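Engineer: The file below is my_file33.cif, mmCIF, C-alpha atoms:
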```cif
data_model
#
loop_
_atom_site.label_atom_id
_atom_site.label_comp_id
_atom_site.auth_asym_id
_atom_site.auth_seq_id
_atom_site.Cartn_x
_atom_site.Cartn_y
_atom_site.Cartn_z
CA MET Z 100 103.26 119.41 100.07
CA LYS Z 101 104.42 116.13 101.55
CA ILE Z 102 103.60 112.78 99.91
CA ASP Z 103 104.97 109.41 101.02
CA VAL Z 104 104.71 106.63 98.44
CA TYR Z 105 104.69 103.10 99.85
CA SER Z 106 105.71 100.62 97.17
CA ASP Z 107 107.62 97.43 96.47
CA THR Z 108 110.29 97.08 93.82
CA ILE Z 109 108.70 93.90 92.41
CA CYS Z 110 105.18 95.35 92.30
CA PRO Z 111 104.14 95.96 88.67
CA TRP Z 112 101.28 98.23 89.75
CA CYS Z 113 103.83 100.36 91.57
CA PHE Z 114 105.74 100.82 88.30
CA ILE Z 115 102.49 101.76 86.57
CA GLY Z 116 101.61 104.08 89.45
CA LYS Z 117 104.99 105.79 89.19
CA ARG Z 118 104.48 106.41 85.48
CA ARG Z 119 101.01 107.84 86.12
CA LEU Z 120 102.33 110.08 88.88
CA GLU Z 121 104.98 111.36 86.48
CA ARG Z 122 102.29 112.18 83.93
CA ALA Z 123 100.28 114.01 86.58
CA LEU Z 124 103.30 116.04 87.64
CA ALA Z 125 104.20 116.83 84.03
CA GLU Z 126 100.72 118.22 83.44
CA ARG Z 127 100.48 119.97 86.79
CA PRO Z 128 103.97 120.59 88.23
CA GLN Z 129 104.20 120.82 92.02
CA PRO Z 130 107.37 122.80 92.83
CA ASP Z 131 106.74 122.50 96.57
CA LEU Z 132 106.42 118.70 96.47
CA GLU Z 133 108.35 116.65 99.05
CA LEU Z 134 108.09 113.10 97.69
CA THR Z 135 109.54 110.15 99.63
CA TRP Z 136 109.54 106.48 98.61
CA ARG Z 137 108.79 104.15 101.51
CA PRO Z 138 109.26 100.37 101.77
CA PHE Z 139 106.55 97.73 101.68
CA GLN Z 140 107.45 94.11 100.99
CA LEU Z 141 104.78 92.12 99.20
CA ASN Z 142 106.57 88.95 100.32
CA PRO Z 143 108.14 89.72 103.70
CA GLU Z 144 108.78 86.03 104.36
CA MET Z 145 110.66 85.52 101.10
CA PRO Z 146 114.00 83.71 101.68
CA ALA Z 147 117.00 86.03 101.62
CA GLY Z 148 118.20 84.53 98.33
CA GLY Z 149 114.81 84.78 96.68
CA MET Z 150 112.92 81.99 94.95
CA ASP Z 151 112.72 80.36 91.54
CA ARG Z 152 110.09 82.24 89.58
CA GLN Z 153 108.07 79.19 88.57
CA ARG Z 154 107.98 77.95 92.16
CA TYR Z 155 106.84 81.41 93.26
CA LEU Z 156 104.02 81.44 90.69
CA GLU Z 157 102.87 78.02 91.85
CA LEU Z 158 102.71 79.16 95.45
CA LYS Z 159 101.10 82.54 94.81
CA PHE Z 160 98.81 81.86 91.85
CA GLY Z 161 98.57 78.09 91.63
CA GLY Z 162 100.83 78.00 88.60
CA PRO Z 163 101.50 79.80 85.30
CA ALA Z 164 97.84 79.70 84.18
CA GLY Z 165 96.66 81.56 87.26
CA ALA Z 166 99.53 84.02 86.95
CA LYS Z 167 98.72 84.64 83.27
CA GLN Z 168 95.19 85.74 84.09
CA THR Z 169 96.48 88.20 86.68
CA TYR Z 170 99.37 89.48 84.61
CA ASP Z 171 97.32 89.93 81.44
CA ASN Z 172 95.48 92.78 83.17
CA VAL Z 173 98.76 94.25 84.41
CA ARG Z 174 100.34 93.95 80.97
CA GLN Z 175 97.44 95.81 79.35
CA ALA Z 176 97.64 98.62 81.91
CA GLY Z 177 101.40 98.75 81.47
CA ARG Z 178 101.18 99.12 77.71
CA SER Z 179 98.86 102.09 78.16
CA GLU Z 180 101.72 103.73 80.08
CA GLY Z 181 104.46 102.70 77.64
CA ILE Z 182 105.71 99.83 79.85
CA ASP Z 183 106.46 96.50 78.13
CA PHE Z 184 106.70 94.08 81.04
CA ALA Z 185 109.07 91.13 80.47
CA PHE Z 186 107.28 88.79 82.86
CA GLU Z 187 108.13 85.62 80.92
CA GLN Z 188 111.87 86.36 81.08
CA ILE Z 189 112.01 86.81 84.87
CA GLY Z 190 113.81 83.80 86.31
CA ARG Z 191 113.81 84.61 90.01
CA THR Z 192 111.58 86.46 92.45
CA PRO Z 193 113.87 88.25 94.91
CA ASN Z 194 113.67 89.26 98.51
CA THR Z 195 113.36 93.04 98.18
CA LEU Z 196 114.88 94.14 101.49
CA ASP Z 197 118.22 95.18 99.97
CA SER Z 198 116.54 97.06 97.13
CA HIS Z 199 114.60 99.06 99.71
CA ARG Z 200 117.82 99.71 101.62
CA LEU Z 201 119.32 101.07 98.40
CA ILE Z 202 116.34 103.41 97.95
CA ARG Z 203 116.83 104.60 101.52
CA LEU Z 204 120.52 105.28 100.81
CA ALA Z 205 119.56 107.15 97.66
CA GLY Z 206 117.31 109.41 99.70
CA GLU Z 207 120.37 110.82 101.44
CA ALA Z 208 121.74 111.88 98.05
CA GLY Z 209 118.45 113.13 96.65
CA ARG Z 210 118.41 110.30 94.09
CA GLN Z 211 115.45 108.20 95.26
CA GLU Z 212 113.35 108.61 92.14
CA ALA Z 213 116.27 107.68 89.89
CA VAL Z 214 117.06 104.55 91.92
CA VAL Z 215 113.41 103.46 92.03
CA GLN Z 216 113.28 103.81 88.25
CA ALA Z 217 116.55 101.92 87.76
CA LEU Z 218 115.23 99.05 89.90
CA PHE Z 219 111.92 98.88 88.03
CA ASP Z 220 113.78 98.90 84.72
CA ALA Z 221 116.18 96.18 85.83
CA TYR Z 222 113.47 93.85 87.13
CA PHE Z 223 110.50 94.40 84.84
CA LEU Z 224 112.15 95.37 81.54
CA GLU Z 225 115.49 93.55 81.73
CA ALA Z 226 114.37 90.58 83.89
CA ARG Z 227 117.38 90.96 86.20
CA ASP Z 228 117.50 89.68 89.78
CA ILE Z 229 117.31 92.81 91.94
CA GLY Z 230 118.16 90.75 94.99
CA ASN Z 231 121.63 90.23 93.52
CA LEU Z 232 124.36 92.53 94.84
CA ASP Z 233 125.96 93.24 91.46
CA VAL Z 234 122.58 94.09 89.92
CA LEU Z 235 121.81 96.46 92.78
CA VAL Z 236 125.18 98.18 92.47
CA ALA Z 237 124.64 98.58 88.72
CA ALA Z 238 121.25 100.17 89.41
CA ALA Z 239 122.85 102.51 91.94
CA GLU Z 240 125.50 103.57 89.42
CA ALA Z 241 122.90 104.06 86.67
CA ALA Z 242 121.00 106.36 89.05
CA GLY Z 243 124.06 108.47 89.75
CA LEU Z 244 125.23 107.00 93.07
CA ASP Z 245 128.81 106.08 93.85
CA PRO Z 246 128.95 102.33 93.07
CA ALA Z 247 131.73 101.64 95.60
CA GLN Z 248 129.78 103.37 98.35
CA ALA Z 249 126.61 101.52 97.37
CA ARG Z 250 128.40 98.16 97.40
CA ALA Z 251 129.95 98.75 100.82
CA TYR Z 252 126.58 99.82 102.18
CA LEU Z 253 124.74 96.80 100.77
CA GLU Z 254 127.42 94.40 101.97
CA SER Z 255 126.78 95.65 105.50
CA GLU Z 256 123.56 95.34 107.49
CA GLU Z 257 123.15 99.11 107.77
CA ASP Z 258 119.53 100.26 107.81
CA ALA Z 259 118.16 96.72 107.47
CA GLU Z 260 116.26 96.97 110.75
CA ALA Z 261 115.12 100.50 109.93
CA VAL Z 262 113.61 99.33 106.64
CA LYS Z 263 111.90 96.40 108.35
CA ALA Z 264 110.51 98.79 110.96
CA GLU Z 265 109.11 101.07 108.25
CA ASP Z 266 107.50 98.09 106.57
CA ALA Z 267 105.99 96.98 109.89
CA ARG Z 268 104.69 100.49 110.55
CA ALA Z 269 102.98 100.53 107.16
CA ARG Z 270 101.10 97.37 108.06
CA HIS Z 271 100.31 98.73 111.53
CA ILE Z 272 98.59 101.80 110.07
CA GLY Z 273 96.54 99.62 107.76
CA ILE Z 274 98.39 99.50 104.44
CA GLN Z 275 97.65 96.16 102.82
CA GLY Z 276 98.66 96.78 99.23
CA VAL Z 277 100.75 99.09 97.11
CA PRO Z 278 101.18 101.63 95.71
CA THR Z 279 99.73 103.66 98.57
CA TYR Z 280 100.13 107.42 98.84
CA ILE Z 281 99.98 109.19 102.21
CA LEU Z 282 99.49 112.93 102.01
CA ALA Z 283 100.56 115.16 104.89
CA ASP Z 284 100.82 112.14 107.19
CA LYS Z 285 97.04 111.70 107.33
CA TYR Z 286 95.28 111.27 103.97
CA VAL Z 287 95.58 107.87 102.26
CA LEU Z 288 95.11 107.00 98.59
CA SER Z 289 95.64 103.39 97.54
CA GLY Z 290 96.12 102.15 94.00
CA ALA Z 291 97.82 103.08 90.72
CA HIS Z 292 95.40 105.89 89.93
CA PRO Z 293 95.37 107.97 86.73
CA PRO Z 294 96.41 111.62 86.77
CA GLU Z 295 92.81 112.83 87.09
CA VAL Z 296 92.59 111.25 90.54
CA LEU Z 297 96.06 112.40 91.54
CA PHE Z 298 95.10 115.99 90.73
CA HIS Z 299 92.57 115.84 93.56
CA MET Z 300 95.36 114.72 95.90
CA PHE Z 301 97.46 117.70 94.81
CA GLU Z 302 94.54 120.06 95.49
CA LEU Z 303 94.01 118.58 98.93
CA GLY Z 304 97.72 119.01 99.64
CA HIS Z 305 97.57 122.69 98.77
CA GLN Z 306 94.56 123.11 101.04
CA GLU Z 307 96.53 121.51 103.86
CA ASP Z 308 99.49 123.80 103.22
CA ALA Z 309 97.24 126.87 103.21
CA ALA Z 310 95.58 125.81 106.46
CA GLU Z 311 98.99 125.69 108.15
CA VAL Z 312 99.61 129.35 107.36
CA GLU Z 313 98.08 131.42 110.14
CA PRO Z 314 96.49 134.74 109.20
CA GLY Z 315 98.85 137.59 109.99
CA GLY Z 316 101.77 135.22 110.44
CA ALA Z 317 105.30 136.27 109.60
#
```
Turn the structure described in the file into structure tokens.

Structural biologist:
Amino acid sequence: MKIDVYSDTICPWCFIGKRRLERALAERPQPDLELTWRPFQLNPEMPAGGMDRQRYLELKFGGPAGAKQTYDNVRQAGRSEGIDFAFEQIGRTPNTLDSHRLIRLAGEAGRQEAVVQALFDAYFLEARDIGNLDVLVAAAEAAGLDPAQARAYLESEEDAEAVKAEDARARHIGIQGVPTYILADKYVLSGAHPPEVLFHMFELGHQEDAAEVEPGGA
């Protein structure tokens, strides 16, 4: 079963969605699952060095009051999943291109899930700037990657255009928000759904796998 998860590393609903997916997989393990994390930047025009958090909130929500109304709902959903978001401590909203490059690098080592988790922890729980090179390298090391290799990779421009192309493709096929799950390259499920909904996706995936097996095949 193949599932691609489009997400952004500064998307709180993506963190919640990851936790719910983990619960679904714990209750109904999928040993044949091929899960890949794909990039989607909520703020593709964000300056390379990121932006002061308060300035970002003013531009996106009209200020802290507007942000509070939005984040109160997110905070409540997060608590139901054991996530204590540290929104008030976040000082900077980063450009997430390099964090997505790191996730891509982690895929080559089979450590994507661990890196995604390390990035969510760093940003949402520890209020660290995941656009910062040292923070990214620390996340890589925490996830079991070679920190020297990760630093050299991030200091280069390797895979930057590939990540941008993946992001552009996501928009081209109609993805407008994250998390979004694409099953078997054709079925789309958008939103941080609870396990009960994800179970239906698993069932559909098994139906797809069964349909690919021809009767009498070797």

Engineer: Pick from Z:Phe301, Z:Trp112, Z:Phe186, Z:Phe160: nearest to Ile281 of chain Z, with only C-alpha atoms counted?

Structural biologist: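 Of Z:Phe301, Z:Trp112, Z:Phe186, Z:Phe160, the one nearest Ile281 of chain Z, counting only C-alpha atoms, is Z:Phe301.
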
Engineer: Which residues would end up in the selection if the PyMOL selection byres ((chain Z and resi 143) around 10) were applied here, given that I need the answer as a PyMOL selection string?

Structural biologist: chain Z and resi 139-142+144-147+194-196+263+266-267

Engineer: Give me the residues within 12 Å of Gly116 of chain Z as an mmCIF file with C-alpha atoms, in the coordinates of the input, counting all atoms listed in the file and dropping any in the same chain fewer than 3 places off.

Structural biologist:
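Now in around35.cif:
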```cif
data_model
loop_
_atom_site.group_PDB
_atom_site.id
_atom_site.type_symbol
_atom_site.label_atom_id
_atom_site.label_comp_id
_atom_site.auth_asym_id
_atom_site.auth_seq_id
_atom_site.Cartn_x
_atom_site.Cartn_y
_atom_site.Cartn_z
ATOM 1 C CA VAL Z 104 104.710 106.630 98.440
ATOM 2 C CA TYR Z 105 104.690 103.100 99.850
ATOM 3 C CA SER Z 106 105.710 100.620 97.170
ATOM 4 C CA ASP Z 107 107.620 97.430 96.470
ATOM 5 C CA THR Z 108 110.290 97.080 93.820
ATOM 6 C CA CYS Z 110 105.180 95.350 92.300
ATOM 7 C CA PRO Z 111 104.140 95.960 88.670
ATOM 8 C CA TRP Z 112 101.280 98.230 89.750
ATOM 9 C CA CYS Z 113 103.830 100.360 91.570
ATOM 10 C CA ARG Z 119 101.010 107.840 86.120
ATOM 11 C CA LEU Z 120 102.330 110.080 88.880
ATOM 12 C CA GLU Z 121 104.980 111.360 86.480
ATOM 13 C CA ARG Z 122 102.290 112.180 83.930
ATOM 14 C CA ALA Z 123 100.280 114.010 86.580
ATOM 15 C CA VAL Z 173 98.760 94.250 84.410
ATOM 16 C CA ALA Z 176 97.640 98.620 81.910
ATOM 17 C CA GLY Z 177 101.400 98.750 81.470
ATOM 18 C CA SER Z 179 98.860 102.090 78.160
ATOM 19 C CA GLU Z 180 101.720 103.730 80.080
ATOM 20 C CA ILE Z 182 105.710 99.830 79.850
ATOM 21 C CA GLN Z 216 113.280 103.810 88.250
ATOM 22 C CA PHE Z 219 111.920 98.880 88.030
ATOM 23 C CA VAL Z 277 100.750 99.090 97.110
ATOM 24 C CA PRO Z 278 101.180 101.630 95.710
ATOM 25 C CA THR Z 279 99.730 103.660 98.570
ATOM 26 C CA TYR Z 280 100.130 107.420 98.840
ATOM 27 C CA LEU Z 288 95.110 107.000 98.590
ATOM 28 C CA SER Z 289 95.640 103.390 97.540
ATOM 29 C CA GLY Z 290 96.120 102.150 94.000
ATOM 30 C CA ALA Z 291 97.820 103.080 90.720
ATOM 31 C CA HIS Z 292 95.400 105.890 89.930
ATOM 32 C CA PRO Z 293 95.370 107.970 86.730
ATOM 33 C CA PRO Z 294 96.410 111.620 86.770
ATOM 34 C CA VAL Z 296 92.590 111.250 90.540
ATOM 35 C CA LEU Z 297 96.060 112.400 91.540
#
```

Engineer: Which residues fall under the PyMOL selection byres ((chain Z and resi 187) around 12) in this file, as a list in words?

Structural biologist: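 After applying the PyMOL selection byres ((chain Z and resi 187) around 12), what remains is Arg152, Gln153, Leu156, Pro163, Ala166, Lys167, Tyr170, Asp171, Arg174, Asp183, Phe184, Ala185, Phe186, Gln188, Ile189, Gly190, Arg191, Tyr222, Phe223, Leu224, Glu225, Ala226 and Arg227 of chain Z.
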
Engineer: What is the atom CA of Lys285 of chain Z to atom CA of Leu218 of chain Z distance in Å?

Structural biologist: 28.2 Å

Engineer: Of the candidates Z:Arg203, Z:Gly181, Z:Asp197, Z:Asp228, which one gets nearest to Asp151 of chain Z if we count only C-alpha atoms?

Structural biologist: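 When distances to Asp151 of chain Z are compared using only C-alpha atoms, the smallest one comes from Z:Asp228.
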
Engineer: Taking only C-alpha atoms into account, name the residue in Z:Ile272, Z:Leu134, Z:Ala283, Z:Ala247 that is nearest to Leu232 of chain Z.

Structural biologist: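 Looking at the shortest contact to Leu232 of chain Z, the residue is Z:Ala247.
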
Engineer: Counting all atoms listed in the file, which residue out of Z:Gly304, Z:Gly161, Z:Ile202, Z:Ser255 sits closest to Leu235 of chain Z?

Structural biologist: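 Counting all atoms listed in the file, the residue closest to Leu235 of chain Z is Z:Ile202.
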
Engineer: Of the candidates Z:Asp258, Z:Tyr286, Z:Arg210, Z:Ile115, which shows the shortest atom-to-atom distance to Asn172 of chain Z, using all atoms listed in the file?

Structural biologist: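 Residue with the minimum atom-to-atom distance to Asn172 of chain Z: Z:Ile115.
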
Engineer: How many Å lie between atom CA of Met300 of chain Z and atom CA of Leu282 of chain Z, rounded to one decimal?

Structural biologist: 7.6 Å

Engineer: Tell me, as JSON, numbers by chain, which residues lie within 7 Å of Leu132 of chain Z, counting all atoms listed in the file; anything in the same chain fewer than 3 positions away does not count.

Structural biologist: {"Z": [100, 101, 129]}

Engineer: Tell me which of Z:Ala238, Z:Leu244, Z:Leu303, Z:Ala221 sits closest to Ala208 of chain Z, counting all atoms listed in the file.

Structural biologist: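 So, comparing all the options, the nearest one is Z:Leu244.
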
Engineer: Give as a list in words the residues that the PyMOL selection byres ((chain Z and resi 248) around 12) matches when applied to the coordinates above.

Structural biologist: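 Output of the PyMOL selection byres ((chain Z and resi 248) around 12): Leu201, Leu204, Ala205, Ala208, Leu235, Val236, Ala237, Ala239, Glu240, Gly243, Leu244, Asp245, Pro246, Ala247, Ala249, Arg250, Ala251, Tyr252, Leu253, Glu254 and Ser255 of chain Z.
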
Engineer: Record the distance separating atom CA of Val234 of chain Z and atom CA of Lys117 of chain Z, expressed in Å with one decimal.

Structural biologist: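 So the two atoms, atom CA of Val234 of chain Z and atom CA of Lys117 of chain Z, lie 21.1 Å apart.
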
Engineer: Need the axis-aligned box for segment 249-264 of chain Z with 6 Å each side, so what are the centre and edges in Å to one decimal, as AutoDock Vina command-line options?

Structural biologist:
```
--center_x 120.2 --center_y 98.0 --center_z 104.2 --size_x 31.4 --size_y 19.1 --size_z 25.6
```

Engineer: Can you fill out segment 224-252 of chain Z with N, CA and C atoms and hand it back as a PDB file, in the coordinates of the input?

Structural biologist:
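Final file, part-v9.pdb:
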```pdb
ATOM      1  N   LEU Z 224     111.828  95.231  82.956  1.00  0.00           N
ATOM      2  CA  LEU Z 224     112.150  95.370  81.540  1.00  0.00           C
ATOM      3  C   LEU Z 224     113.320  94.497  81.122  1.00  0.00           C
ATOM      4  N   GLU Z 225     114.289  94.315  82.051  1.00  0.00           N
ATOM      5  CA  GLU Z 225     115.490  93.550  81.730  1.00  0.00           C
ATOM      6  C   GLU Z 225     115.515  92.176  82.389  1.00  0.00           C
ATOM      7  N   ALA Z 226     114.503  91.884  83.223  1.00  0.00           N
ATOM      8  CA  ALA Z 226     114.370  90.580  83.890  1.00  0.00           C
ATOM      9  C   ALA Z 226     115.615  90.214  84.711  1.00  0.00           C
ATOM     10  N   ARG Z 227     116.202  91.207  85.380  1.00  0.00           N
ATOM     11  CA  ARG Z 227     117.380  90.960  86.200  1.00  0.00           C
ATOM     12  C   ARG Z 227     116.964  90.741  87.656  1.00  0.00           C
ATOM     13  N   ASP Z 228     117.779  90.014  88.385  1.00  0.00           N
ATOM     14  CA  ASP Z 228     117.500  89.680  89.780  1.00  0.00           C
ATOM     15  C   ASP Z 228     117.922  90.843  90.677  1.00  0.00           C
ATOM     16  N   ILE Z 229     116.968  91.644  91.125  1.00  0.00           N
ATOM     17  CA  ILE Z 229     117.310  92.810  91.940  1.00  0.00           C
ATOM     18  C   ILE Z 229     117.528  92.452  93.407  1.00  0.00           C
ATOM     19  N   GLY Z 230     117.671  91.173  93.688  1.00  0.00           N
ATOM     20  CA  GLY Z 230     118.160  90.750  94.990  1.00  0.00           C
ATOM     21  C   GLY Z 230     119.659  90.479  94.945  1.00  0.00           C
ATOM     22  N   ASN Z 231     120.215  90.506  93.739  1.00  0.00           N
ATOM     23  CA  ASN Z 231     121.630  90.230  93.520  1.00  0.00           C
ATOM     24  C   ASN Z 231     122.458  91.500  93.758  1.00  0.00           C
ATOM     25  N   LEU Z 232     123.547  91.377  94.478  1.00  0.00           N
ATOM     26  CA  LEU Z 232     124.360  92.530  94.840  1.00  0.00           C
ATOM     27  C   LEU Z 232     124.872  93.283  93.624  1.00  0.00           C
ATOM     28  N   ASP Z 233     125.404  92.568  92.635  1.00  0.00           N
ATOM     29  CA  ASP Z 233     125.960  93.240  91.460  1.00  0.00           C
ATOM     30  C   ASP Z 233     124.878  94.001  90.683  1.00  0.00           C
ATOM     31  N   VAL Z 234     123.688  93.427  90.610  1.00  0.00           N
ATOM     32  CA  VAL Z 234     122.580  94.090  89.920  1.00  0.00           C
ATOM     33  C   VAL Z 234     122.177  95.355  90.662  1.00  0.00           C
ATOM     34  N   LEU Z 235     122.147  95.288  91.979  1.00  0.00           N
ATOM     35  CA  LEU Z 235     121.810  96.460  92.780  1.00  0.00           C
ATOM     36  C   LEU Z 235     122.853  97.563  92.635  1.00  0.00           C
ATOM     37  N   VAL Z 236     124.110  97.183  92.636  1.00  0.00           N
ATOM     38  CA  VAL Z 236     125.180  98.180  92.470  1.00  0.00           C
ATOM     39  C   VAL Z 236     125.097  98.818  91.090  1.00  0.00           C
ATOM     40  N   ALA Z 237     124.789  98.024  90.072  1.00  0.00           N
ATOM     41  CA  ALA Z 237     124.640  98.580  88.720  1.00  0.00           C
ATOM     42  C   ALA Z 237     123.486  99.566  88.664  1.00  0.00           C
ATOM     43  N   ALA Z 238     122.394  99.252  89.361  1.00  0.00           N
ATOM     44  CA  ALA Z 238     121.250 100.170  89.410  1.00  0.00           C
ATOM     45  C   ALA Z 238     121.630 101.458  90.120  1.00  0.00           C
ATOM     46  N   ALA Z 239     122.395 101.327  91.197  1.00  0.00           N
ATOM     47  CA  ALA Z 239     122.850 102.510  91.940  1.00  0.00           C
ATOM     48  C   ALA Z 239     123.696 103.400  91.040  1.00  0.00           C
ATOM     49  N   GLU Z 240     124.625 102.791  90.306  1.00  0.00           N
ATOM     50  CA  GLU Z 240     125.500 103.570  89.420  1.00  0.00           C
ATOM     51  C   GLU Z 240     124.695 104.242  88.312  1.00  0.00           C
ATOM     52  N   ALA Z 241     123.732 103.504  87.741  1.00  0.00           N
ATOM     53  CA  ALA Z 241     122.900 104.060  86.670  1.00  0.00           C
ATOM     54  C   ALA Z 241     122.099 105.263  87.160  1.00  0.00           C
ATOM     55  N   ALA Z 242     121.788 105.267  88.468  1.00  0.00           N
ATOM     56  CA  ALA Z 242     121.000 106.360  89.050  1.00  0.00           C
ATOM     57  C   ALA Z 242     121.867 107.499  89.553  1.00  0.00           C
ATOM     58  N   GLY Z 243     123.183 107.379  89.377  1.00  0.00           N
ATOM     59  CA  GLY Z 243     124.060 108.470  89.750  1.00  0.00           C
ATOM     60  C   GLY Z 243     124.687 108.367  91.127  1.00  0.00           C
ATOM     61  N   LEU Z 244     124.577 107.206  91.773  1.00  0.00           N
ATOM     62  CA  LEU Z 244     125.230 107.000  93.070  1.00  0.00           C
ATOM     63  C   LEU Z 244     126.637 106.456  92.862  1.00  0.00           C
ATOM     64  N   ASP Z 245     127.456 106.629  93.868  1.00  0.00           N
ATOM     65  CA  ASP Z 245     128.810 106.080  93.850  1.00  0.00           C
ATOM     66  C   ASP Z 245     128.701 104.560  94.001  1.00  0.00           C
ATOM     67  N   PRO Z 246     129.122 103.779  92.995  1.00  0.00           N
ATOM     68  CA  PRO Z 246     128.950 102.330  93.070  1.00  0.00           C
ATOM     69  C   PRO Z 246     129.739 101.690  94.210  1.00  0.00           C
ATOM     70  N   ALA Z 247     130.922 102.207  94.510  1.00  0.00           N
ATOM     71  CA  ALA Z 247     131.730 101.640  95.600  1.00  0.00           C
ATOM     72  C   ALA Z 247     131.037 101.878  96.942  1.00  0.00           C
ATOM     73  N   GLN Z 248     130.503 103.068  97.119  1.00  0.00           N
ATOM     74  CA  GLN Z 248     129.780 103.370  98.350  1.00  0.00           C
ATOM     75  C   GLN Z 248     128.542 102.499  98.470  1.00  0.00           C
ATOM     76  N   ALA Z 249     127.812 102.343  97.357  1.00  0.00           N
ATOM     77  CA  ALA Z 249     126.610 101.520  97.370  1.00  0.00           C
ATOM     78  C   ALA Z 249     126.938 100.070  97.698  1.00  0.00           C
ATOM     79  N   ARG Z 250     128.018  99.552  97.127  1.00  0.00           N
ATOM     80  CA  ARG Z 250     128.400  98.160  97.400  1.00  0.00           C
ATOM     81  C   ARG Z 250     128.768  97.966  98.872  1.00  0.00           C
ATOM     82  N   ALA Z 251     129.558  98.879  99.413  1.00  0.00           N
ATOM     83  CA  ALA Z 251     129.950  98.750 100.820  1.00  0.00           C
ATOM     84  C   ALA Z 251     128.724  98.811 101.730  1.00  0.00           C
ATOM     85  N   TYR Z 252     127.811  99.693 101.401  1.00  0.00           N
ATOM     86  CA  TYR Z 252     126.580  99.820 102.180  1.00  0.00           C
ATOM     87  C   TYR Z 252     125.757  98.533 102.130  1.00  0.00           C
TER      88      TYR Z 252
END
```
